[in-house]
$ cat data25.txt   # compact mmCIF, N, CA and C atoms
# COMPACT_ATOMS: atom_id res chain seq x y z
N MET G 1 -23.86 -14.58 60.49
CA MET G 1 -23.14 -14.40 61.72
C MET G 1 -21.80 -13.75 61.41
N SER G 2 -21.31 -12.92 62.31
CA SER G 2 -20.06 -12.21 62.07
C SER G 2 -18.86 -13.08 62.41
N GLU G 3 -17.73 -12.70 61.86
CA GLU G 3 -16.50 -13.42 62.15
C GLU G 3 -16.18 -13.36 63.64
N LYS G 4 -16.53 -12.27 64.29
CA LYS G 4 -16.29 -12.12 65.73
C LYS G 4 -16.98 -13.25 66.50
N TRP G 5 -18.25 -13.52 66.16
CA TRP G 5 -18.99 -14.58 66.84
C TRP G 5 -18.43 -15.94 66.47
N ASP G 6 -18.07 -16.13 65.20
CA ASP G 6 -17.47 -17.40 64.78
C ASP G 6 -16.22 -17.69 65.61
N ARG G 7 -15.37 -16.69 65.76
CA ARG G 7 -14.14 -16.87 66.56
C ARG G 7 -14.47 -17.20 68.02
N ARG G 8 -15.45 -16.54 68.58
CA ARG G 8 -15.84 -16.82 69.96
C ARG G 8 -16.29 -18.26 70.13
N PHE G 9 -17.12 -18.73 69.21
CA PHE G 9 -17.64 -20.09 69.34
C PHE G 9 -16.57 -21.14 69.05
N LEU G 10 -15.63 -20.83 68.16
CA LEU G 10 -14.50 -21.74 67.94
C LEU G 10 -13.60 -21.79 69.18
N GLU G 11 -13.38 -20.65 69.80
CA GLU G 11 -12.60 -20.63 71.04
C GLU G 11 -13.30 -21.42 72.14
N LEU G 12 -14.62 -21.32 72.19
CA LEU G 12 -15.38 -22.09 73.18
C LEU G 12 -15.25 -23.59 72.90
N ALA G 13 -15.34 -23.99 71.63
CA ALA G 13 -15.17 -25.40 71.27
C ALA G 13 -13.77 -25.88 71.67
N LYS G 14 -12.77 -25.03 71.49
CA LYS G 14 -11.39 -25.37 71.90
C LYS G 14 -11.33 -25.58 73.41
N HIS G 15 -11.96 -24.70 74.16
CA HIS G 15 -11.98 -24.82 75.62
C HIS G 15 -12.70 -26.10 76.05
N ILE G 16 -13.82 -26.37 75.47
CA ILE G 16 -14.62 -27.55 75.82
C ILE G 16 -13.88 -28.84 75.48
N ALA G 17 -13.08 -28.81 74.41
CA ALA G 17 -12.30 -30.00 74.02
C ALA G 17 -11.41 -30.47 75.17
N GLN G 18 -10.92 -29.56 75.98
CA GLN G 18 -10.02 -29.92 77.08
C GLN G 18 -10.72 -30.72 78.17
N TRP G 19 -12.04 -30.76 78.18
CA TRP G 19 -12.79 -31.52 79.17
C TRP G 19 -12.79 -33.02 78.88
N SER G 20 -12.40 -33.40 77.66
CA SER G 20 -12.39 -34.81 77.29
C SER G 20 -11.40 -35.58 78.16
N LYS G 21 -11.78 -36.79 78.54
CA LYS G 21 -10.89 -37.64 79.33
C LYS G 21 -9.96 -38.46 78.44
N ASP G 22 -10.16 -38.40 77.14
CA ASP G 22 -9.30 -39.12 76.20
C ASP G 22 -7.91 -38.48 76.23
N PRO G 23 -6.88 -39.23 76.60
CA PRO G 23 -5.55 -38.63 76.72
C PRO G 23 -4.89 -38.28 75.37
N SER G 24 -5.37 -38.86 74.28
CA SER G 24 -4.70 -38.62 73.00
C SER G 24 -5.43 -37.68 72.06
N ILE G 25 -6.74 -37.65 72.12
CA ILE G 25 -7.52 -36.77 71.22
C ILE G 25 -8.54 -36.02 72.05
N LYS G 26 -8.49 -34.72 71.97
CA LYS G 26 -9.44 -33.88 72.69
C LYS G 26 -10.13 -33.00 71.66
N SER G 27 -11.40 -33.28 71.42
CA SER G 27 -12.16 -32.48 70.46
C SER G 27 -13.41 -31.94 71.13
N GLY G 28 -13.80 -30.75 70.68
CA GLY G 28 -14.97 -30.11 71.26
C GLY G 28 -15.87 -29.55 70.18
N SER G 29 -17.14 -29.36 70.52
CA SER G 29 -18.09 -28.81 69.56
C SER G 29 -19.08 -27.90 70.26
N VAL G 30 -19.59 -26.96 69.47
CA VAL G 30 -20.61 -26.03 69.92
C VAL G 30 -21.65 -25.94 68.81
N ILE G 31 -22.91 -26.00 69.16
CA ILE G 31 -24.00 -25.79 68.20
C ILE G 31 -24.73 -24.52 68.62
N THR G 32 -24.91 -23.61 67.67
CA THR G 32 -25.61 -22.36 67.95
C THR G 32 -26.77 -22.18 66.99
N ASP G 33 -27.73 -21.36 67.41
CA ASP G 33 -28.83 -21.02 66.51
C ASP G 33 -28.49 -19.73 65.76
N GLY G 34 -29.39 -19.24 64.97
CA GLY G 34 -29.16 -18.06 64.15
C GLY G 34 -29.10 -16.76 64.93
N LYS G 35 -29.35 -16.82 66.24
CA LYS G 35 -29.32 -15.61 67.07
C LYS G 35 -28.16 -15.63 68.06
N ASN G 36 -27.11 -16.40 67.73
CA ASN G 36 -25.91 -16.51 68.56
C ASN G 36 -26.18 -17.12 69.94
N ARG G 37 -27.22 -17.93 70.04
CA ARG G 37 -27.51 -18.62 71.29
C ARG G 37 -26.95 -20.03 71.22
N ILE G 38 -26.33 -20.44 72.29
CA ILE G 38 -25.76 -21.79 72.34
C ILE G 38 -26.88 -22.79 72.59
N ILE G 39 -26.96 -23.76 71.70
CA ILE G 39 -27.96 -24.83 71.80
C ILE G 39 -27.38 -26.03 72.53
N SER G 40 -26.10 -26.35 72.23
CA SER G 40 -25.48 -27.52 72.84
C SER G 40 -23.97 -27.39 72.73
N THR G 41 -23.29 -28.00 73.68
CA THR G 41 -21.83 -28.11 73.64
C THR G 41 -21.46 -29.52 74.06
N CYS G 42 -20.33 -30.00 73.61
CA CYS G 42 -19.88 -31.30 74.08
C CYS G 42 -18.45 -31.58 73.62
N TYR G 43 -17.92 -32.68 74.09
CA TYR G 43 -16.57 -33.14 73.76
C TYR G 43 -16.63 -34.63 73.47
N ASN G 44 -15.54 -35.17 72.95
CA ASN G 44 -15.50 -36.60 72.67
C ASN G 44 -15.34 -37.38 73.97
N GLY G 45 -16.00 -38.52 74.04
CA GLY G 45 -15.89 -39.34 75.25
C GLY G 45 -16.70 -40.61 75.15
N LEU G 46 -16.65 -41.37 76.20
CA LEU G 46 -17.39 -42.63 76.24
C LEU G 46 -18.87 -42.35 76.50
N PRO G 47 -19.73 -43.25 76.08
CA PRO G 47 -21.18 -43.06 76.32
C PRO G 47 -21.49 -42.96 77.81
N GLN G 48 -22.60 -42.29 78.11
CA GLN G 48 -23.05 -42.24 79.50
C GLN G 48 -23.23 -43.66 80.01
N LYS G 49 -22.98 -43.84 81.27
CA LYS G 49 -23.11 -45.13 81.96
C LYS G 49 -22.04 -46.14 81.56
N VAL G 50 -21.06 -45.72 80.75
CA VAL G 50 -19.90 -46.56 80.46
C VAL G 50 -18.75 -45.97 81.28
N GLU G 51 -18.19 -46.78 82.14
CA GLU G 51 -17.15 -46.29 83.05
C GLU G 51 -15.92 -45.84 82.28
N ASP G 52 -15.41 -44.66 82.63
CA ASP G 52 -14.18 -44.13 82.04
C ASP G 52 -12.99 -44.79 82.70
N THR G 53 -12.51 -45.89 82.12
CA THR G 53 -11.35 -46.56 82.70
C THR G 53 -10.12 -46.27 81.85
N GLU G 54 -8.98 -46.32 82.51
CA GLU G 54 -7.71 -46.08 81.82
C GLU G 54 -7.50 -47.09 80.69
N ASN G 55 -7.87 -48.34 80.92
CA ASN G 55 -7.70 -49.38 79.91
C ASN G 55 -8.51 -49.07 78.65
N ARG G 56 -9.71 -48.56 78.81
CA ARG G 56 -10.54 -48.26 77.64
C ARG G 56 -9.93 -47.17 76.79
N TYR G 57 -9.28 -46.20 77.40
CA TYR G 57 -8.66 -45.12 76.64
C TYR G 57 -7.29 -45.52 76.08
N LYS G 58 -6.56 -46.38 76.78
CA LYS G 58 -5.23 -46.78 76.32
C LYS G 58 -5.28 -47.80 75.19
N ASN G 59 -6.31 -48.65 75.20
CA ASN G 59 -6.46 -49.66 74.16
C ASN G 59 -7.18 -49.02 72.97
N ARG G 60 -6.42 -48.70 71.93
CA ARG G 60 -6.96 -47.97 70.78
C ARG G 60 -8.16 -48.68 70.15
N GLU G 61 -8.08 -49.98 70.00
CA GLU G 61 -9.17 -50.74 69.38
C GLU G 61 -10.47 -50.61 70.19
N ILE G 62 -10.36 -50.76 71.49
CA ILE G 62 -11.54 -50.63 72.36
C ILE G 62 -12.06 -49.19 72.29
N LYS G 63 -11.15 -48.24 72.44
CA LYS G 63 -11.54 -46.83 72.46
C LYS G 63 -12.29 -46.45 71.18
N LEU G 64 -11.73 -46.79 70.03
CA LEU G 64 -12.35 -46.40 68.77
C LEU G 64 -13.68 -47.10 68.53
N SER G 65 -13.89 -48.24 69.16
CA SER G 65 -15.15 -48.95 68.97
C SER G 65 -16.29 -48.38 69.81
N ILE G 66 -15.96 -47.63 70.88
CA ILE G 66 -17.04 -47.16 71.75
C ILE G 66 -17.09 -45.64 71.93
N ILE G 67 -16.05 -44.92 71.57
CA ILE G 67 -16.04 -43.47 71.84
C ILE G 67 -17.08 -42.75 70.98
N ILE G 68 -17.66 -41.71 71.53
CA ILE G 68 -18.62 -40.89 70.80
C ILE G 68 -17.93 -39.57 70.46
N HIS G 69 -17.99 -39.19 69.20
CA HIS G 69 -17.36 -37.97 68.75
C HIS G 69 -18.07 -36.75 69.33
N CYS G 70 -17.35 -35.64 69.39
CA CYS G 70 -17.92 -34.43 70.01
C CYS G 70 -19.19 -33.96 69.31
N GLU G 71 -19.25 -34.09 67.98
CA GLU G 71 -20.45 -33.66 67.24
C GLU G 71 -21.65 -34.52 67.60
N GLU G 72 -21.42 -35.84 67.67
CA GLU G 72 -22.49 -36.76 68.03
C GLU G 72 -23.03 -36.44 69.43
N ASN G 73 -22.10 -36.21 70.36
CA ASN G 73 -22.51 -35.88 71.73
C ASN G 73 -23.32 -34.59 71.76
N ALA G 74 -22.88 -33.58 71.04
CA ALA G 74 -23.60 -32.30 71.04
C ALA G 74 -25.01 -32.46 70.47
N ILE G 75 -25.15 -33.27 69.44
CA ILE G 75 -26.47 -33.52 68.85
C ILE G 75 -27.36 -34.27 69.84
N LEU G 76 -26.80 -35.28 70.49
CA LEU G 76 -27.58 -36.05 71.47
C LEU G 76 -28.05 -35.18 72.63
N PHE G 77 -27.21 -34.29 73.09
CA PHE G 77 -27.57 -33.43 74.23
C PHE G 77 -28.46 -32.26 73.84
N ALA G 78 -28.52 -31.92 72.56
CA ALA G 78 -29.34 -30.78 72.12
C ALA G 78 -30.82 -31.05 72.35
N LYS G 79 -31.27 -32.23 72.05
CA LYS G 79 -32.67 -32.63 72.26
C LYS G 79 -33.67 -31.65 71.65
N GLN G 80 -33.36 -31.16 70.46
CA GLN G 80 -34.28 -30.28 69.75
C GLN G 80 -33.94 -30.30 68.27
N ASP G 81 -34.82 -29.76 67.47
CA ASP G 81 -34.58 -29.65 66.04
C ASP G 81 -33.40 -28.71 65.81
N LEU G 82 -32.45 -29.11 65.01
CA LEU G 82 -31.25 -28.31 64.77
C LEU G 82 -31.23 -27.65 63.40
N THR G 83 -32.36 -27.62 62.74
CA THR G 83 -32.44 -26.97 61.43
C THR G 83 -32.03 -25.51 61.56
N GLY G 84 -31.15 -25.07 60.69
CA GLY G 84 -30.71 -23.68 60.68
C GLY G 84 -29.60 -23.37 61.67
N CYS G 85 -29.11 -24.35 62.37
CA CYS G 85 -28.05 -24.12 63.35
C CYS G 85 -26.67 -24.17 62.70
N THR G 86 -25.68 -23.74 63.47
CA THR G 86 -24.29 -23.79 63.04
C THR G 86 -23.53 -24.69 63.99
N LEU G 87 -22.69 -25.54 63.44
CA LEU G 87 -21.84 -26.44 64.21
C LEU G 87 -20.41 -25.95 64.14
N TYR G 88 -19.77 -25.81 65.30
CA TYR G 88 -18.35 -25.44 65.38
C TYR G 88 -17.61 -26.62 66.00
N THR G 89 -16.48 -27.01 65.43
CA THR G 89 -15.69 -28.10 66.01
C THR G 89 -14.23 -27.68 66.15
N TRP G 90 -13.58 -28.26 67.14
CA TRP G 90 -12.15 -28.03 67.38
C TRP G 90 -11.51 -29.35 67.68
N PRO G 91 -10.35 -29.71 67.22
CA PRO G 91 -9.55 -29.04 66.21
C PRO G 91 -9.68 -29.67 64.83
N PHE G 92 -10.57 -30.64 64.68
CA PHE G 92 -10.66 -31.39 63.43
C PHE G 92 -11.94 -31.10 62.66
N MET G 93 -11.89 -31.37 61.38
CA MET G 93 -13.13 -31.45 60.61
C MET G 93 -13.81 -32.76 61.00
N SER G 94 -15.08 -32.83 60.81
CA SER G 94 -15.81 -34.05 61.13
C SER G 94 -15.37 -35.20 60.25
N CYS G 95 -15.41 -36.40 60.80
CA CYS G 95 -15.18 -37.59 60.01
C CYS G 95 -16.35 -37.74 59.03
N SER G 96 -16.23 -38.65 58.08
CA SER G 96 -17.27 -38.79 57.07
C SER G 96 -18.61 -39.19 57.70
N LYS G 97 -18.58 -40.03 58.73
CA LYS G 97 -19.82 -40.45 59.39
C LYS G 97 -20.52 -39.25 60.04
N CYS G 98 -19.76 -38.44 60.77
CA CYS G 98 -20.35 -37.28 61.43
C CYS G 98 -20.77 -36.22 60.42
N ALA G 99 -19.96 -36.01 59.40
CA ALA G 99 -20.30 -35.02 58.37
C ALA G 99 -21.61 -35.40 57.69
N TYR G 100 -21.77 -36.65 57.38
CA TYR G 100 -23.01 -37.10 56.76
C TYR G 100 -24.19 -36.87 57.71
N MET G 101 -23.99 -37.19 58.97
CA MET G 101 -25.05 -37.07 59.96
C MET G 101 -25.55 -35.62 60.06
N HIS G 102 -24.65 -34.65 60.15
CA HIS G 102 -25.14 -33.29 60.31
C HIS G 102 -25.43 -32.60 58.99
N ALA G 103 -24.83 -33.04 57.91
CA ALA G 103 -25.15 -32.45 56.61
C ALA G 103 -26.50 -32.95 56.11
N TYR G 104 -26.87 -34.12 56.55
CA TYR G 104 -28.09 -34.76 56.05
C TYR G 104 -29.33 -33.92 56.25
N ASN G 105 -29.50 -33.34 57.43
CA ASN G 105 -30.74 -32.60 57.61
C ASN G 105 -30.73 -31.51 58.68
N TRP G 106 -29.58 -31.06 59.13
CA TRP G 106 -29.64 -30.06 60.19
C TRP G 106 -29.03 -28.72 59.84
N TYR G 107 -27.76 -28.70 59.60
CA TYR G 107 -27.02 -27.45 59.68
C TYR G 107 -27.05 -26.61 58.43
N VAL G 108 -27.11 -25.33 58.65
CA VAL G 108 -26.94 -24.36 57.58
C VAL G 108 -25.45 -24.17 57.34
N GLN G 109 -24.66 -24.24 58.39
CA GLN G 109 -23.25 -23.89 58.30
C GLN G 109 -22.42 -24.78 59.22
N TYR G 110 -21.20 -25.05 58.81
CA TYR G 110 -20.27 -25.83 59.61
C TYR G 110 -18.93 -25.12 59.56
N LEU G 111 -18.34 -24.86 60.72
CA LEU G 111 -17.05 -24.21 60.78
C LEU G 111 -16.13 -24.99 61.69
N ASN G 112 -14.88 -25.05 61.30
CA ASN G 112 -13.89 -25.63 62.19
C ASN G 112 -12.57 -24.92 61.99
N CYS G 113 -11.60 -25.28 62.77
CA CYS G 113 -10.28 -24.67 62.62
C CYS G 113 -9.25 -25.78 62.60
N ASN G 114 -8.06 -25.44 62.12
CA ASN G 114 -7.03 -26.46 62.03
C ASN G 114 -6.20 -26.56 63.30
N GLY G 115 -6.39 -25.67 64.24
CA GLY G 115 -5.68 -25.74 65.50
C GLY G 115 -4.27 -25.16 65.48
N PHE G 116 -3.83 -24.64 64.35
CA PHE G 116 -2.49 -24.07 64.24
C PHE G 116 -2.56 -22.66 63.67
N ASN G 117 -1.82 -21.75 64.26
CA ASN G 117 -1.67 -20.40 63.72
C ASN G 117 -3.00 -19.73 63.39
N GLY G 118 -3.92 -19.77 64.31
CA GLY G 118 -5.19 -19.09 64.08
C GLY G 118 -6.23 -19.98 63.46
N PHE G 119 -7.20 -19.37 62.84
CA PHE G 119 -8.36 -20.09 62.37
C PHE G 119 -8.31 -20.33 60.87
N SER G 120 -8.78 -21.46 60.48
CA SER G 120 -8.94 -21.80 59.07
C SER G 120 -10.39 -22.20 58.90
N TYR G 121 -11.16 -21.37 58.24
CA TYR G 121 -12.60 -21.61 58.13
C TYR G 121 -12.92 -22.60 57.03
N LYS G 122 -13.83 -23.48 57.34
CA LYS G 122 -14.39 -24.40 56.37
C LYS G 122 -15.90 -24.24 56.54
N SER G 123 -16.56 -23.67 55.55
CA SER G 123 -17.96 -23.37 55.73
C SER G 123 -18.70 -23.58 54.43
N SER G 124 -19.86 -24.22 54.52
CA SER G 124 -20.62 -24.45 53.32
C SER G 124 -21.98 -25.02 53.64
N ASP G 125 -22.93 -24.74 52.78
CA ASP G 125 -24.23 -25.38 52.92
C ASP G 125 -24.14 -26.84 52.50
N THR G 126 -23.22 -27.16 51.64
CA THR G 126 -23.14 -28.52 51.10
C THR G 126 -21.85 -29.23 51.46
N PHE G 127 -20.98 -28.63 52.24
CA PHE G 127 -19.70 -29.19 52.65
C PHE G 127 -18.76 -29.38 51.46
N THR G 128 -18.92 -28.58 50.40
CA THR G 128 -18.02 -28.73 49.26
C THR G 128 -17.08 -27.55 49.12
N LYS G 129 -17.42 -26.40 49.65
CA LYS G 129 -16.52 -25.25 49.58
C LYS G 129 -15.45 -25.35 50.63
N VAL G 130 -14.30 -24.77 50.35
CA VAL G 130 -13.23 -24.70 51.36
C VAL G 130 -12.84 -23.26 51.53
$ encode --input "data25.txt" --output "structure tokens"
Amino acid sequence: MSEKWDRRFLELAKHIAQWSKDPSIKSGSVITDGKNRIISTCYNGLPQKVEDTENRYKNREIKLSIIIHCEENAILFAKQDLTGCTLYTWPFMSCSKCAYMHAYNWYVQYLNCNGFNGFSYKSSDTFTKV
């Protein structure tokens, strides 16, 4: 995939991150296939059927115990095999739990940005290159 497409999908992940109702952390993700088609998009938030209340987001302990990360949400909504896909996240790299989940058996490539002064690519088949 070209850098032009990578930038487009990172910008889309940045835009989608703003949809999160979490007042302190807004993260977004995009999963694409090898033909630049969007497979899934999502942001961090509470599980479906869990009411988005102000108390749940303000209480850090409660929030961290139930919030679903943007990568997890995108995988859940994809509802298909993600082998060979690319995951884009904004503005953070995946936590170790999410990195393990998508490195385990899905993605060919993972890209994210640092959110400051343009893009900082992190891409690898094994998550070891920087």
$ atom_distance --input "data25.txt" --atom1 "atom CA of G:Glu51" --atom2 "atom CA of G:Ile66"
11.3 Å
$ atom_distance --input "data25.txt" --atom1 "atom CA of G:Cys85" --atom2 "atom CA of G:Ser24"
29.1 Å
$ select_by_dssp --input "data25.txt" --residues "stretch 16-115 of chain G" --states "alpha helix (DSSP H)" --output "PyMOL selection string"
chain G and resi 16-17+54-58+60-66+70-78+96-105
$ residues_around --input "data25.txt" --residues "G:Asn44" --least-positions-apart "4" --cutoff "5 Å" --atoms "only N, CA and C atoms" --output "MDAnalysis selection string"
chainID G and resid 27 68:70
$ residues_around --input "data25.txt" --residues "G:Asp33" --least-positions-apart "2" --cutoff "9 Å" --atoms "only C-alpha atoms" --output "VMD selection string"
chain G and resid 31 35 to 39 82 to 86
$ closest_residue --input "data25.txt" --among "G:Ser20, G:Tyr43, G:Glu11, G:Asn55" --to "G:Glu71" --atoms "only C-alpha atoms"
G:Tyr43
$ residues_around --input "data25.txt" --residues "G:His15" --least-positions-apart "4" --cutoff "9 Å" --atoms "only C-alpha atoms" --output "PDB file with N, CA and C atoms, in the frame of the given file"
ATOM      1  N   LEU G  10     -15.630 -20.830  68.160  1.00  0.00           N
ATOM      2  CA  LEU G  10     -14.500 -21.740  67.940  1.00  0.00           C
ATOM      3  C   LEU G  10     -13.600 -21.790  69.180  1.00  0.00           C
ATOM      4  N   GLU G  11     -13.380 -20.650  69.800  1.00  0.00           N
ATOM      5  CA  GLU G  11     -12.600 -20.630  71.040  1.00  0.00           C
ATOM      6  C   GLU G  11     -13.300 -21.420  72.140  1.00  0.00           C
ATOM      7  N   TRP G  19     -12.040 -30.760  78.180  1.00  0.00           N
ATOM      8  CA  TRP G  19     -12.790 -31.520  79.170  1.00  0.00           C
ATOM      9  C   TRP G  19     -12.790 -33.020  78.880  1.00  0.00           C
ATOM     10  N   GLY G  28     -13.800 -30.750  70.680  1.00  0.00           N
ATOM     11  CA  GLY G  28     -14.970 -30.110  71.260  1.00  0.00           C
ATOM     12  C   GLY G  28     -15.870 -29.550  70.180  1.00  0.00           C
ATOM     13  N   TRP G  90     -13.580 -28.260  67.140  1.00  0.00           N
ATOM     14  CA  TRP G  90     -12.150 -28.030  67.380  1.00  0.00           C
ATOM     15  C   TRP G  90     -11.510 -29.350  67.680  1.00  0.00           C
TER      16      TRP G  90
END
$ atom_distance --input "data25.txt" --atom1 "atom N of G:Thr41" --atom2 "atom N of G:Ile75"
7.0 Å
$ axis_aligned_box --input "data25.txt" --around "stretch 26-29 of chain G" --padding-each-side "4 Å" --output "AutoDock Vina command-line options"
--center_x -13.8 --center_y -31.3 --center_z 71.1 --size_x 18.6 --size_y 14.8 --size_z 11.1
$ residues_around --input "data25.txt" --residues "G:Asn59" --least-positions-apart "6" --cutoff "12 Å" --atoms "only C-alpha atoms" --output "short mmCIF file (atom, residue, chain, number, x, y, z; two decimals) with N, CA and C atoms, in the coordinates of the input"
data_model
loop_
_atom_site.label_atom_id
_atom_site.label_comp_id
_atom_site.auth_asym_id
_atom_site.auth_seq_id
_atom_site.Cartn_x
_atom_site.Cartn_y
_atom_site.Cartn_z
N ASP G 22 -10.16 -38.40 77.14
CA ASP G 22 -9.30 -39.12 76.20
C ASP G 22 -7.91 -38.48 76.23
N PRO G 23 -6.88 -39.23 76.60
CA PRO G 23 -5.55 -38.63 76.72
C PRO G 23 -4.89 -38.28 75.37
N SER G 24 -5.37 -38.86 74.28
CA SER G 24 -4.70 -38.62 73.00
C SER G 24 -5.43 -37.68 72.06
N THR G 53 -12.51 -45.89 82.12
CA THR G 53 -11.35 -46.56 82.70
C THR G 53 -10.12 -46.27 81.85
N SER G 65 -13.89 -48.24 69.16
CA SER G 65 -15.15 -48.95 68.97
C SER G 65 -16.29 -48.38 69.81
N ILE G 66 -15.96 -47.63 70.88
CA ILE G 66 -17.04 -47.16 71.75
C ILE G 66 -17.09 -45.64 71.93
N ILE G 67 -16.05 -44.92 71.57
CA ILE G 67 -16.04 -43.47 71.84
C ILE G 67 -17.08 -42.75 70.98
#
$ closest_residue --input "data25.txt" --among "G:Cys98, G:Ala78, G:Val50, G:Ile16" --to "G:Ser29" --atoms "all atoms listed in the file"
G:Ile16
$ closest_residue --input "data25.txt" --among "G:Leu76, G:Leu46, G:Ala13, G:Met101" --to "G:Val30" --atoms "only N, CA and C atoms"
G:Ala13
$ select_by_dssp --input "data25.txt" --residues "stretch 23-83 of chain G" --states "strand (DSSP E or B)" --output "PyMOL selection string"
chain G and resi 28-32+38-43+45+68
$ closest_residue --input "data25.txt" --among "G:Met93, G:Lys79, G:Pro47, G:Cys42" --to "G:Leu12" --atoms "only C-alpha atoms"
G:Cys42
$ decode --input "data25.txt" --residues "stretch 69-84 of chain G" --atoms "N, CA and C atoms" --output "compact mmCIF listing (two decimals), in the first residue's frame"
# COMPACT_ATOMS: atom_id res chain seq x y z
N HIS G 69 -11.34 -1.02 23.83
CA HIS G 69 -10.41 -0.24 23.02
C HIS G 69 -10.87 -0.21 21.56
N CYS G 70 -10.41 0.81 20.84
CA CYS G 70 -10.86 0.98 19.45
C CYS G 70 -10.52 -0.23 18.58
N GLU G 71 -9.37 -0.85 18.80
CA GLU G 71 -8.98 -2.02 18.00
C GLU G 71 -9.92 -3.19 18.26
N GLU G 72 -10.24 -3.41 19.54
CA GLU G 72 -11.15 -4.49 19.89
C GLU G 72 -12.52 -4.28 19.24
N ASN G 73 -13.00 -3.04 19.32
CA ASN G 73 -14.30 -2.73 18.71
C ASN G 73 -14.28 -2.97 17.21
N ALA G 74 -13.22 -2.53 16.54
CA ALA G 74 -13.13 -2.72 15.09
C ALA G 74 -13.12 -4.20 14.72
N ILE G 75 -12.43 -5.01 15.50
CA ILE G 75 -12.39 -6.45 15.25
C ILE G 75 -13.78 -7.06 15.46
N LEU G 76 -14.44 -6.67 16.54
CA LEU G 76 -15.78 -7.20 16.82
C LEU G 76 -16.78 -6.84 15.72
N PHE G 77 -16.69 -5.63 15.20
CA PHE G 77 -17.63 -5.19 14.17
C PHE G 77 -17.27 -5.71 12.78
N ALA G 78 -16.04 -6.16 12.58
CA ALA G 78 -15.62 -6.65 11.26
C ALA G 78 -16.39 -7.90 10.86
N LYS G 79 -16.56 -8.81 11.78
CA LYS G 79 -17.31 -10.05 11.55
C LYS G 79 -16.85 -10.81 10.31
N GLN G 80 -15.54 -10.86 10.11
CA GLN G 80 -14.98 -11.63 9.01
C GLN G 80 -13.52 -11.94 9.32
N ASP G 81 -12.95 -12.83 8.56
CA ASP G 81 -11.54 -13.16 8.71
C ASP G 81 -10.70 -11.94 8.35
N LEU G 82 -9.76 -11.58 9.19
CA LEU G 82 -8.95 -10.38 8.98
C LEU G 82 -7.52 -10.70 8.54
N THR G 83 -7.29 -11.91 8.11
CA THR G 83 -5.96 -12.29 7.62
C THR G 83 -5.58 -11.39 6.45
N GLY G 84 -4.39 -10.84 6.50
CA GLY G 84 -3.88 -10.00 5.43
C GLY G 84 -4.33 -8.56 5.49
